[in-house]
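These notes are about the structure you will find just below.
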Amino acid sequence: MKKKRIVIALGHEALGSTLPEQRAAAQRTAKAVADFIRDDYQVIITHSNGPQVGMIHTAMNEFCRLYPEYTATPTAICSAMSQGYIGYDLQNAIRTELLNRGIYKTVSTVLTQMVVDPYDEAFYNPTKMIGRVMTKEEAEEEEKKGNHVTQVGEGYRRIVAAPKPVDIVEIDAIRALADADQVVIACGGGGIPVLSQSNRLQGASAVIEKDLAAGKLAELVDADMLVILTSVDKVCLSFGTAEEKALDTMTVSQAQKYLEAGEFAPGTMGPKIEAAIEFIGDSAMRSVLITKLNKDTKEITGGMGTLIKK
């Protein structure tokens, strides 16, 4: 009997922010991943990288400020760095947890590039803040380079586009590893955004919404289920108000209706619901679970979040 294939998208809560937090969080996450493998799922993992890529971007910018003779580090390179060191912690934590359970399975991180459309409207309206807070003079220098900045309080920060993912360059390698029943970590932080230029791939000054990337990954590997681990137990209507209502289940049509009604914030739950809708589509077999990783029991939280199906 063919194994069910699952894509697990790890949010900030499942990774932490600092290096020590990330290492401890990876160990907790490894237990949840190992549970799925024990239950005979084929597992593909993707993850966020917000604090990590911000730290890398800030560090590299500061290095170039102190040593002007060095070339500035592009956003795409910072994304690649974050994939490498998050993947390193995750794959080692998962490998250790599996071996502790007597399960022998290779865990691999695939440095993944995500193709974006150069004409995506997001490039004309950048919104994602990256890097450190700058002075007015530093912000003006960034604008002279052709970069976008926005004022934040008394300082300034650079902003980049958040285009939608179109295709995954390394998808054949990811599929091959999954077909061989290996654990794969891919598309970290939404993937490295690239523009396809004939036979060449050009890194884009952008970040990709990790939940949309997770949905694209799940679609292209033909997963049966997408599990999005976030900071809340369930999807809620009227979130944060006295009328807040947690949802155990949702149909795709209900999710679309709630999304259009503005029930889900664009920067938090909105992308997760959008990813669920696009992944499930018209399939009666696919499903999406949005839930929380319980830090105390080190398992997917009891109650199992909100399940979305056609």
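Going through the structure tokens in order, the chains are called A, B, and so on, while each chain numbers its residues from 1 and the ligands are numbered from 1 in the order shown.
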Output as a JSON list (two decimals) with N, CA and C atoms, in the first residue's frame all residues of range 102-195 of chain A that backbone DSSP marks as strand (DSSP E).
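So the final result, stored in out27.json, reads:
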[["chain", "number", "residue", "atom", "x", "y", "z"],
["A", 107, "VAL", "N", 18.09, 12.02, 6.35],
["A", 107, "VAL", "CA", 17.42, 13.33, 6.39],
["A", 107, "VAL", "C", 18.31, 14.31, 5.63],
["A", 108, "SER", "N", 17.74, 14.96, 4.61],
["A", 108, "SER", "CA", 18.54, 15.84, 3.75],
["A", 108, "SER", "C", 17.90, 17.22, 3.61],
["A", 109, "THR", "N", 18.74, 18.24, 3.56],
["A", 109, "THR", "CA", 18.28, 19.60, 3.27],
["A", 109, "THR", "C", 18.62, 19.93, 1.82],
["A", 113, "GLN", "N", 15.52, 26.90, -4.75],
["A", 113, "GLN", "CA", 15.23, 28.17, -5.42],
["A", 113, "GLN", "C", 13.78, 28.18, -5.91],
["A", 114, "MET", "N", 13.11, 29.30, -5.70],
["A", 114, "MET", "CA", 11.71, 29.43, -6.08],
["A", 114, "MET", "C", 11.59, 30.47, -7.19],
["A", 115, "VAL", "N", 11.06, 30.05, -8.32],
["A", 115, "VAL", "CA", 10.89, 30.97, -9.45],
["A", 115, "VAL", "C", 9.72, 31.91, -9.18],
["A", 116, "VAL", "N", 9.94, 33.19, -9.42],
["A", 116, "VAL", "CA", 8.87, 34.19, -9.29],
["A", 116, "VAL", "C", 8.70, 34.91, -10.63],
["A", 128, "LYS", "N", 7.59, 44.13, 2.48],
["A", 128, "LYS", "CA", 8.26, 43.34, 3.52],
["A", 128, "LYS", "C", 9.52, 44.06, 4.02],
["A", 129, "MET", "N", 9.55, 44.38, 5.31],
["A", 129, "MET", "CA", 10.71, 45.05, 5.89],
["A", 129, "MET", "C", 11.82, 44.05, 6.18],
["A", 130, "ILE", "N", 13.05, 44.42, 5.86],
["A", 130, "ILE", "CA", 14.20, 43.59, 6.15],
["A", 130, "ILE", "C", 15.35, 44.46, 6.68],
["A", 131, "GLY", "N", 16.27, 43.81, 7.36],
["A", 131, "GLY", "CA", 17.49, 44.51, 7.79],
["A", 131, "GLY", "C", 17.28, 45.41, 9.00],
["A", 132, "ARG", "N", 18.35, 46.12, 9.32],
["A", 132, "ARG", "CA", 18.37, 46.94, 10.54],
["A", 132, "ARG", "C", 17.69, 48.30, 10.32],
["A", 133, "VAL", "N", 17.48, 49.01, 11.43],
["A", 133, "VAL", "CA", 16.96, 50.37, 11.38],
["A", 133, "VAL", "C", 18.09, 51.30, 10.94],
["A", 134, "MET", "N", 17.80, 52.17, 9.98],
["A", 134, "MET", "CA", 18.82, 53.07, 9.42],
["A", 134, "MET", "C", 18.51, 54.53, 9.76],
["A", 148, "HIS", "N", 14.20, 50.26, -2.00],
["A", 148, "HIS", "CA", 13.06, 50.95, -1.39],
["A", 148, "HIS", "C", 13.22, 50.98, 0.12],
["A", 149, "VAL", "N", 12.83, 52.08, 0.72],
["A", 149, "VAL", "CA", 12.88, 52.20, 2.18],
["A", 149, "VAL", "C", 11.56, 52.78, 2.68],
["A", 150, "THR", "N", 11.31, 52.56, 3.97],
["A", 150, "THR", "CA", 10.11, 53.12, 4.59],
["A", 150, "THR", "C", 10.47, 53.62, 5.98],
["A", 151, "GLN", "N", 9.76, 54.62, 6.44],
["A", 151, "GLN", "CA", 10.04, 55.18, 7.76],
["A", 151, "GLN", "C", 9.36, 54.34, 8.84],
["A", 152, "VAL", "N", 10.11, 54.04, 9.88],
["A", 152, "VAL", "CA", 9.60, 53.27, 11.02],
["A", 152, "VAL", "C", 9.96, 54.05, 12.28],
["A", 155, "GLY", "N", 13.32, 56.08, 12.64],
["A", 155, "GLY", "CA", 14.32, 55.50, 11.74],
["A", 155, "GLY", "C", 13.71, 55.06, 10.43],
["A", 156, "TYR", "N", 14.50, 54.31, 9.66],
["A", 156, "TYR", "CA", 14.09, 53.83, 8.34],
["A", 156, "TYR", "C", 14.52, 52.38, 8.18],
["A", 157, "ARG", "N", 13.74, 51.62, 7.42],
["A", 157, "ARG", "CA", 14.12, 50.24, 7.10],
["A", 157, "ARG", "C", 13.90, 49.98, 5.62],
["A", 158, "ARG", "N", 14.67, 49.07, 5.11],
["A", 158, "ARG", "CA", 14.51, 48.71, 3.71],
["A", 158, "ARG", "C", 13.29, 47.81, 3.55],
["A", 159, "ILE", "N", 12.58, 47.92, 2.43],
["A", 159, "ILE", "CA", 11.45, 47.05, 2.14],
["A", 159, "ILE", "C", 11.64, 46.40, 0.78],
["A", 160, "VAL", "N", 11.20, 45.15, 0.68],
["A", 160, "VAL", "CA", 11.31, 44.40, -0.58],
["A", 160, "VAL", "C", 9.96, 43.81, -0.94],
["A", 165, "PRO", "N", 5.01, 32.46, -5.38],
["A", 165, "PRO", "CA", 5.86, 31.44, -6.00],
["A", 165, "PRO", "C", 5.20, 30.86, -7.24],
["A", 166, "VAL", "N", 6.00, 30.65, -8.28],
["A", 166, "VAL", "CA", 5.49, 30.11, -9.54],
["A", 166, "VAL", "C", 5.93, 28.66, -9.75],
["A", 167, "ASP", "N", 7.20, 28.37, -9.46],
["A", 167, "ASP", "CA", 7.74, 27.03, -9.67],
["A", 167, "ASP", "C", 8.93, 26.81, -8.75],
["A", 168, "ILE", "N", 9.28, 25.56, -8.54],
["A", 168, "ILE", "CA", 10.42, 25.19, -7.70],
["A", 168, "ILE", "C", 11.50, 24.58, -8.58],
["A", 183, "VAL", "N", 13.59, 11.62, 4.38],
["A", 183, "VAL", "CA", 13.02, 12.86, 4.92],
["A", 183, "VAL", "C", 13.70, 14.03, 4.22],
["A", 184, "VAL", "N", 12.91, 14.96, 3.70],
["A", 184, "VAL", "CA", 13.45, 16.08, 2.95],
["A", 184, "VAL", "C", 13.06, 17.40, 3.61],
["A", 185, "ILE", "N", 14.03, 18.31, 3.72],
["A", 185, "ILE", "CA", 13.79, 19.68, 4.18],
["A", 185, "ILE", "C", 14.03, 20.58, 2.98],
["A", 192, "ILE", "N", 14.56, 30.48, -2.09],
["A", 192, "ILE", "CA", 15.37, 31.60, -2.56],
["A", 192, "ILE", "C", 14.69, 32.15, -3.81],
["A", 193, "PRO", "N", 14.20, 33.40, -3.79],
["A", 193, "PRO", "CA", 13.48, 33.94, -4.95],
["A", 193, "PRO", "C", 14.42, 34.19, -6.13],
["A", 194, "VAL", "N", 14.08, 33.61, -7.29],
["A", 194, "VAL", "CA", 14.90, 33.79, -8.48],
["A", 194, "VAL", "C", 14.03, 34.11, -9.68],
["A", 195, "LEU", "N", 14.63, 34.81, -10.63],
["A", 195, "LEU", "CA", 13.99, 35.13, -11.90],
["A", 195, "LEU", "C", 14.64, 34.27, -12.98]]
Near Ala178 in chain A, counting only C-alpha atoms, which residues have an atom at most 9 Å away, once you skip same-chain residues fewer than 5 positions from it, shown as a PDB file with C-alpha atoms, in the first residue's frame?
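Ended up saving to out.pdb:
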ATOM      1  CA  ARG A   5       2.783  11.952   1.741  1.00  0.00           C
ATOM      2  CA  GLN A  42       6.469  10.158   3.834  1.00  0.00           C
ATOM      3  CA  VAL A  43       7.530  13.516   5.286  1.00  0.00           C
ATOM      4  CA  ILE A  44       8.703  16.681   3.541  1.00  0.00           C
ATOM      5  CA  ALA A 173      15.441  16.296  -6.613  1.00  0.00           C
ATOM      6  CA  VAL A 183      13.020  12.855   4.915  1.00  0.00           C
ATOM      7  CA  VAL A 184      13.450  16.080   2.948  1.00  0.00           C
ATOM      8  CA  VAL A 221       5.064  16.770  -4.739  1.00  0.00           C
TER       9      VAL A 221
END
What are the closest atom pairs, with distances in Å to one decimal, for each residue of range 223-308 of chain A lying within 12 Å of range 47-71 of chain A, using only C-alpha atoms, rows by chain and rising residue number, as a tab-separated table?
residue	atom	partner	partner_atom	distance
A:Val227	CA	A:His47	CA	11.3
A:Ile228	CA	A:His47	CA	9.5
A:Leu229	CA	A:His47	CA	9.3
A:Thr230	CA	A:Ser48	CA	10.2
Expected file: the selected residues, C-alpha atoms, as a PDB file, in the first residue's frame:
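Full text of again.pdb as output:
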ATOM      1  CA  VAL A 227       0.234  20.591   8.013  1.00  0.00           C
ATOM      2  CA  ILE A 228       0.904  24.235   8.915  1.00  0.00           C
ATOM      3  CA  LEU A 229       2.299  24.645  12.424  1.00  0.00           C
ATOM      4  CA  THR A 230       1.641  28.110  13.789  1.00  0.00           C
TER       5      THR A 230
END
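Closest approach to Ile290 in chain A among A:Glu97, A:Asp233, A:Glu13, A:Glu143: A:Asp233, based on only C-alpha atoms.
The smallest atom-to-atom distance between Ala214 in chain A and any of A:Asp172, A:Glu260, A:Glu244, A:Glu278, using only C-alpha atoms, is found for A:Glu278.
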For Val33 in chain A, find every residue with an atom within 12 Å (counting only C-alpha atoms), except residues of its own chain fewer than 5 positions away, and show them as a VMD selection string.
chain A and resid 6 to 10 14 26 to 28 38 to 46 90 to 91 93 to 98 107 183 to 185 227 229 293 298 to 300
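Taking only C-alpha atoms, the non-local environment of Ser238 in chain A within 12 Å (same-chain residues fewer than 2 positions away omitted) comprises Val235, Cys236, Gly240, Thr241, Ala242, Glu243, Glu244, Lys245, Ala246, Leu247, Tyr258, Leu259, Ala261, Gly262, Glu263, Phe264, Ala265 and Met269 of chain A.
Comparing the minimum interatomic distances between Glu21 in chain A and each of A:Ile171, A:Ile86, A:Cys78, A:Ala34, counting only C-alpha atoms, we find that A:Ile86 sits nearest.
All residues within range 173-230 of chain A that the backbone DSSP calculation assigns to helix (DSSP H, G or I) are A:Ala173, A:Ile174, A:Arg175, A:Ala176, A:Leu177, A:Ala178, A:Asp179, A:Gly188, A:Gly189, A:Gly190, A:Lys210, A:Asp211, A:Leu212, A:Ala213, A:Ala214, A:Gly215, A:Lys216, A:Leu217, A:Ala218, A:Glu219, A:Leu220.
CA of Pro118 in chain A is found 10.4 Å from CA of Lys164 in chain A.
Closest approach to Val207 in chain A from the set A:Lys309, A:Asp179, A:Ser82, A:Pro163 is made by A:Pro163, with distances taken over only C-alpha atoms.
Residue neighbourhood of Ile280 in chain A, excluding near-sequence residues (fewer than 4 positions): Gly215, Glu219, Met225, Val252, Ala275, Ala276, Ala284, Met285, Arg286, Ser287, Val288, Ile308, Lys309 and Lys310 of chain A, at 9 Å, using only C-alpha atoms.
Using only C-alpha atoms, the smallest distance between any of A:Asn92, A:Lys31, A:Ala80, A:Thr106 and Ala180 in chain A comes from A:Thr106.
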May I ask for the distance between CA of Ala218 in chain A and CA of Ile37 in chain A, given in Å to one decimal place?
16.9 Å
With a distance cut-off of 7 Å and only C-alpha atoms, select the neighbouring residues of Cys187 in chain A, excluding the residue or stretch itself and same-chain residues fewer than 3 positions from it, and output the selection as a PyMOL selection string.
chain A and resi 46+112+190-191+213
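Proximity of A:Lys144, A:Gln202, A:Leu217, A:Ala255 to Ile174 in chain A, computed with only C-alpha atoms, is greatest for A:Leu217.
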